[in-house]
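Participant: Encoded as structure tokens, here's the structure I'll be asking about.
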Amino acid sequence: IGGWLTTLAAVSFTISTVGFTRVQKKLGLTMTTVLGLMLVAAGLALIGLAPDVRWTMAAAVLYVGGIPLFTPAVPILLMQCVPANKRGWVMGLDSAVNAAARIFAPLLLGQLYAKNTTACFVVGGGIVAAAAA
């Protein structure tokens, strides 16, 4: 397990340090965000649908590959869309929404996870895919 987690961390680190800039230059910031979110969505859904450990690992690579594509892009996009005098308020709101999601998503999806693990991951992936749209 330790080796696998190290591999996933290396994938994320590599995309963060090398991949983000290259993808962003090629696709633009908005499409980089969408690509990252779609990789996360696919990873989550496929983790739930994976028939064995190998498929779970492949899905986890998609998931960790998507996070460093959308995470830095969202604040940049927000700052481009918001007037300078409103940026602090918008970034505070963004932080509050993220904090609330970190509290309530596990509570809500935890109920589903207890009943149907597959559905929990598929629903989570669907929510992320909807956010990308």
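All residue names refer to the structure tokens as shown: chains lettered A, B, ... in order, residues numbered from 1 in each chain, ligands numbered from 1 in order.
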Within 9 Å of stretch 20-37 of chain A, counting only C-alpha atoms, which residues qualify if same-chain residues fewer than 4 places away don't, as number ranges by chain?
Facilitator: A: 14-16, 41-42, 63, 65-74, 76-77, 128-129, 131-133
Participant: Considering only C-alpha atoms, can you say which of A:Trp4, A:Leu78, A:Ala99, A:Ala84 comes closest to A:Arg54?
Facilitator: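 Counting only C-alpha atoms, the residue closest to A:Arg54 is A:Trp4.
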Participant: What does the structure give for the distance between atom CA of A:Ala101 and atom CA of A:Thr117, in Å to one decimal?
Facilitator: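 One can read the atom CA of A:Ala101 to atom CA of A:Thr117 distance as 19.5 Å.
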Participant: Which residue is closest to A:Leu62? Choose from A:Met79, A:Met38, A:Leu5, A:Cys120 and count only C-alpha atoms.
Facilitator: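 Closest candidate: A:Met38.
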Participant: Report as a list in words all protein, DNA and RNA residues lying within 12 Å of A:Leu49, evaluated on only C-alpha atoms, omitting residues in the same chain fewer than 3 positions from it.
Facilitator: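 Near A:Leu49, the qualifying residues are Ala42, Gly43, Leu44, Ala45, Leu46, Asp52, Val53, Arg54, Trp55, Thr56, Met57, Ala58, Ala59, Ala60, Asn116, Thr117, Thr118, Ala119, Cys120, Phe121, Val122, Val123 and Gly125 of chain A.
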Participant: Write out, as an mmCIF file, in the first residue's frame, the residues just selected, with C-alpha atoms.
Facilitator:
```
data_model
loop_
_atom_site.group_PDB
_atom_site.id
_atom_site.type_symbol
_atom_site.label_atom_id
_atom_site.label_comp_id
_atom_site.auth_asym_id
_atom_site.auth_seq_id
_atom_site.Cartn_x
_atom_site.Cartn_y
_atom_site.Cartn_z
ATOM 1 C CA ALA A 42 -14.030 9.595 -14.069
ATOM 2 C CA GLY A 43 -11.633 8.453 -11.355
ATOM 3 C CA LEU A 44 -14.302 8.577 -8.661
ATOM 4 C CA ALA A 45 -16.916 6.793 -10.750
ATOM 5 C CA LEU A 46 -14.468 4.124 -11.891
ATOM 6 C CA ASP A 52 -10.701 -5.571 -8.999
ATOM 7 C CA VAL A 53 -7.685 -3.873 -7.441
ATOM 8 C CA ARG A 54 -5.957 -3.196 -10.766
ATOM 9 C CA TRP A 55 -8.940 -1.234 -12.043
ATOM 10 C CA THR A 56 -9.160 0.601 -8.732
ATOM 11 C CA MET A 57 -5.511 1.621 -9.070
ATOM 12 C CA ALA A 58 -6.009 2.821 -12.638
ATOM 13 C CA ALA A 59 -9.029 4.846 -11.539
ATOM 14 C CA ALA A 60 -7.010 6.338 -8.679
ATOM 15 C CA ASN A 116 -24.061 1.140 -1.473
ATOM 16 C CA THR A 117 -20.340 1.776 -1.913
ATOM 17 C CA THR A 118 -20.511 1.725 -5.710
ATOM 18 C CA ALA A 119 -23.324 4.256 -5.832
ATOM 19 C CA CYS A 120 -21.436 6.565 -3.476
ATOM 20 C CA PHE A 121 -18.447 6.818 -5.819
ATOM 21 C CA VAL A 122 -20.600 7.030 -8.946
ATOM 22 C CA VAL A 123 -22.745 9.795 -7.433
ATOM 23 C CA GLY A 125 -18.197 11.379 -9.802
#
```
Participant: For a test of reading the model, state the distance in Å between atom CA of A:Val64 and atom CA of A:Ser12, rounded to one decimal.
Facilitator: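 Pair atom CA of A:Val64 / atom CA of A:Ser12 returns 5.6 Å.
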Participant: When you draw a straight line from atom CA of A:Leu107 to atom CA of A:Gly126, how long is it in Å?
Facilitator: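 Computing it gives 17.3 Å between the two atoms.
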Participant: Determine the nearest neighbour of A:Leu39 from the options A:Val82, A:Val61, A:Ala100, A:Ala130, counting only C-alpha atoms.
Facilitator: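 Checking each of A:Val82, A:Val61, A:Ala100, A:Ala130 against A:Leu39, counting only C-alpha atoms, the winner is A:Val61.
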